Every structure is written in C-alpha cells, then in structure tokens.
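Engineer: Starting off with a structure, shown below.
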Amino acid sequence: MPEFGGRPGRATGPPRAGRPGPRPAPGADWRDAARQRTDRDSKGAAVLYLFGFERTGVAVGDLYHLDPDPYPGQEGAERGVRLEVRLLERGPLPGSINSSQPIAVARPVWRADLLESVAGPPGSFDRTHYHPAMTGWEPGRRVFDRDLSAHPVEWVGARLASLETLLAEAGVADGPGYATDAEALRGHVAEIMDVISRLLERVWRGELARPPDGPAPGGEPAGVRVGWL
C-alpha cells in the first residue's frame, strides 16, 4: 500500500468566499434552467460503492459534471471520481425481525473531487479539489491543494485514516460511535483506495463518467451531472 502523505487544507490560490448556488432567472426553476441529466441518460451506468460503518459511511462513484456557473478558469466539462463521507441512519424494521433493514445514506459532511477537465489528457487532475465542510447538502468553496493534485488517491487515504480530525474540521459534533467508526475505517482505507484507483482507470478508458447520450431537449443543457454523487 502506498505511504500516506500530504498536508490537507493548503490551497494553491487565494481563498474565495463560499459561492451560492446557480442563479436561475426570476420565476424559473433551477432544474429547468440547468436541464440536469442523470445517469439514466448516460451511455453507461454510473457506479456507486458504499462502505458503511456504525454512524458514518464512505461513498465513492464516478462523475461527469458540467457546472452552469463555474469558477473562473474552471469552465468546461469535468470527469473523474467523487468521494463523500456521509452520515448513515438506520430506520425501524418495517416488519418482523427478519425484515430487511432500512438504511438511509444521509447528508454529506466532507467531499473530495478527483476531477479533471474532459478537454485535457487523462490523469491531469487539473480540477482535483476538496470541500472540507458542507452546509446542509451544499458544498462550500473548492479548495485546491498541490499534494492532493500530485497524489490524489494517497492524499484521500490519509484524510480517511484520521476520521476524527476530518469530522472535527467539518463541524460534526463528537458523539458515541464516531471513535468506533474511525477505528473501523482505518482498517478499510486500503480497500477504499483500491476502489478509487480502479474507478479512475475505468474513467480513463472511457467506460465511466461519460456524457449524456444525445442532445438535451431544447438544445444544449446549461448544466450536466451524471453519477450517483
């Protein structure tokens, strides 16, 4: 397994204030304005891996993304792998003791986007960034880190190996179960890193993170998002 490295939280450029969501025209619905597409419209099915523990989980999937309101210098379609640390919730059994357990993959608390511009070469990681905290379901500003872009899989592995620190920086209150989750997660970091690497290879081969199949109704969409995450 590669040695973990990297110092999280060091942006390569001047910090930017959190950006609000896309701004639809007055009276317009954002979903109509962006005409977002889902994985059902893509040329290949999107893939989702979920590693679940007592109270938290790690979700990993491929992503094709075109932001209708991009940061300067971040224009154009992106592709790659998204990873989120999510809170997990158990629902009451809906029937007998033998009934299936309802499981909710609830709100995200941390996100890493191992993305690159579609127009660039595979493996450039020129759009790779992370979101150290989330506001509800919305991400904060993109944070770029030279170590993350240089060694993305190992960098993410190092952050996951310290779940306690990650949750504290994300503003998640400490509570029963998180220490147990942190210890359990450390035992699966190598497996998660392997999943990320294999997904990236499939993205580079053109099997995953593919654009929607065919034009959107009414012309080119303002925004596209293909993937589970």
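Residue names in the structure tokens use chain letters A, B, ... in the order shown, residue numbers from 1 in each chain, and ligand numbers from 1 in the order shown.
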Which residues are near Leu229 (chain A)? Cut-off 9 Å, only C-alpha atoms, ignore same chain within fewer than 6 positions. Put them as a CSV table (one decimal) with N, CA and C atoms, in the first residue's frame.
Structural biologist:
chain,number,residue,atom,x,y,z
A,48,LEU,N,-21.7,3.1,-8.0
A,48,LEU,CA,-21.6,3.6,-6.6
A,48,LEU,C,-21.1,2.5,-5.7
A,59,ALA,N,-18.9,7.0,0.5
A,59,ALA,CA,-19.5,6.7,-0.8
A,59,ALA,C,-18.5,7.2,-1.9
A,60,VAL,N,-18.3,6.3,-2.9
A,60,VAL,CA,-17.4,6.6,-4.0
A,60,VAL,C,-18.1,6.2,-5.3
A,61,GLY,N,-18.0,7.2,-6.2
A,61,GLY,CA,-18.6,6.9,-7.5
A,61,GLY,C,-18.0,7.8,-8.6
A,62,ASP,N,-18.3,7.4,-9.9
A,62,ASP,CA,-17.8,8.2,-11.0
A,62,ASP,C,-18.7,9.3,-11.2
A,63,LEU,N,-18.1,10.4,-11.9
A,63,LEU,CA,-18.9,11.6,-12.1
A,63,LEU,C,-18.5,12.3,-13.4
A,82,ARG,N,-15.8,11.0,-7.5
A,82,ARG,CA,-16.2,11.8,-6.3
A,82,ARG,C,-16.3,10.9,-5.1
A,83,LEU,N,-15.8,11.3,-4.0
A,83,LEU,CA,-15.9,10.6,-2.7
A,83,LEU,C,-16.5,11.5,-1.7
A,84,GLU,N,-17.5,11.0,-0.9
A,84,GLU,CA,-18.1,11.7,0.2
A,84,GLU,C,-18.1,10.9,1.4
Engineer: List every residue of region 128-207 of chain A that DSSP, applied to the backbone, labels as strand (DSSP E or B), and write the result as a ChimeraX atom specification.
Structural biologist: /A:129-131,134-135,138-139,143
Engineer: Counting only C-alpha atoms, which residue out of A:Ala190, A:Val118, A:Val109, A:Ala179 sits closest to Pro211 (chain A)?
Structural biologist: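 Distance minimum relative to Pro211 (chain A) lands on A:Val118.
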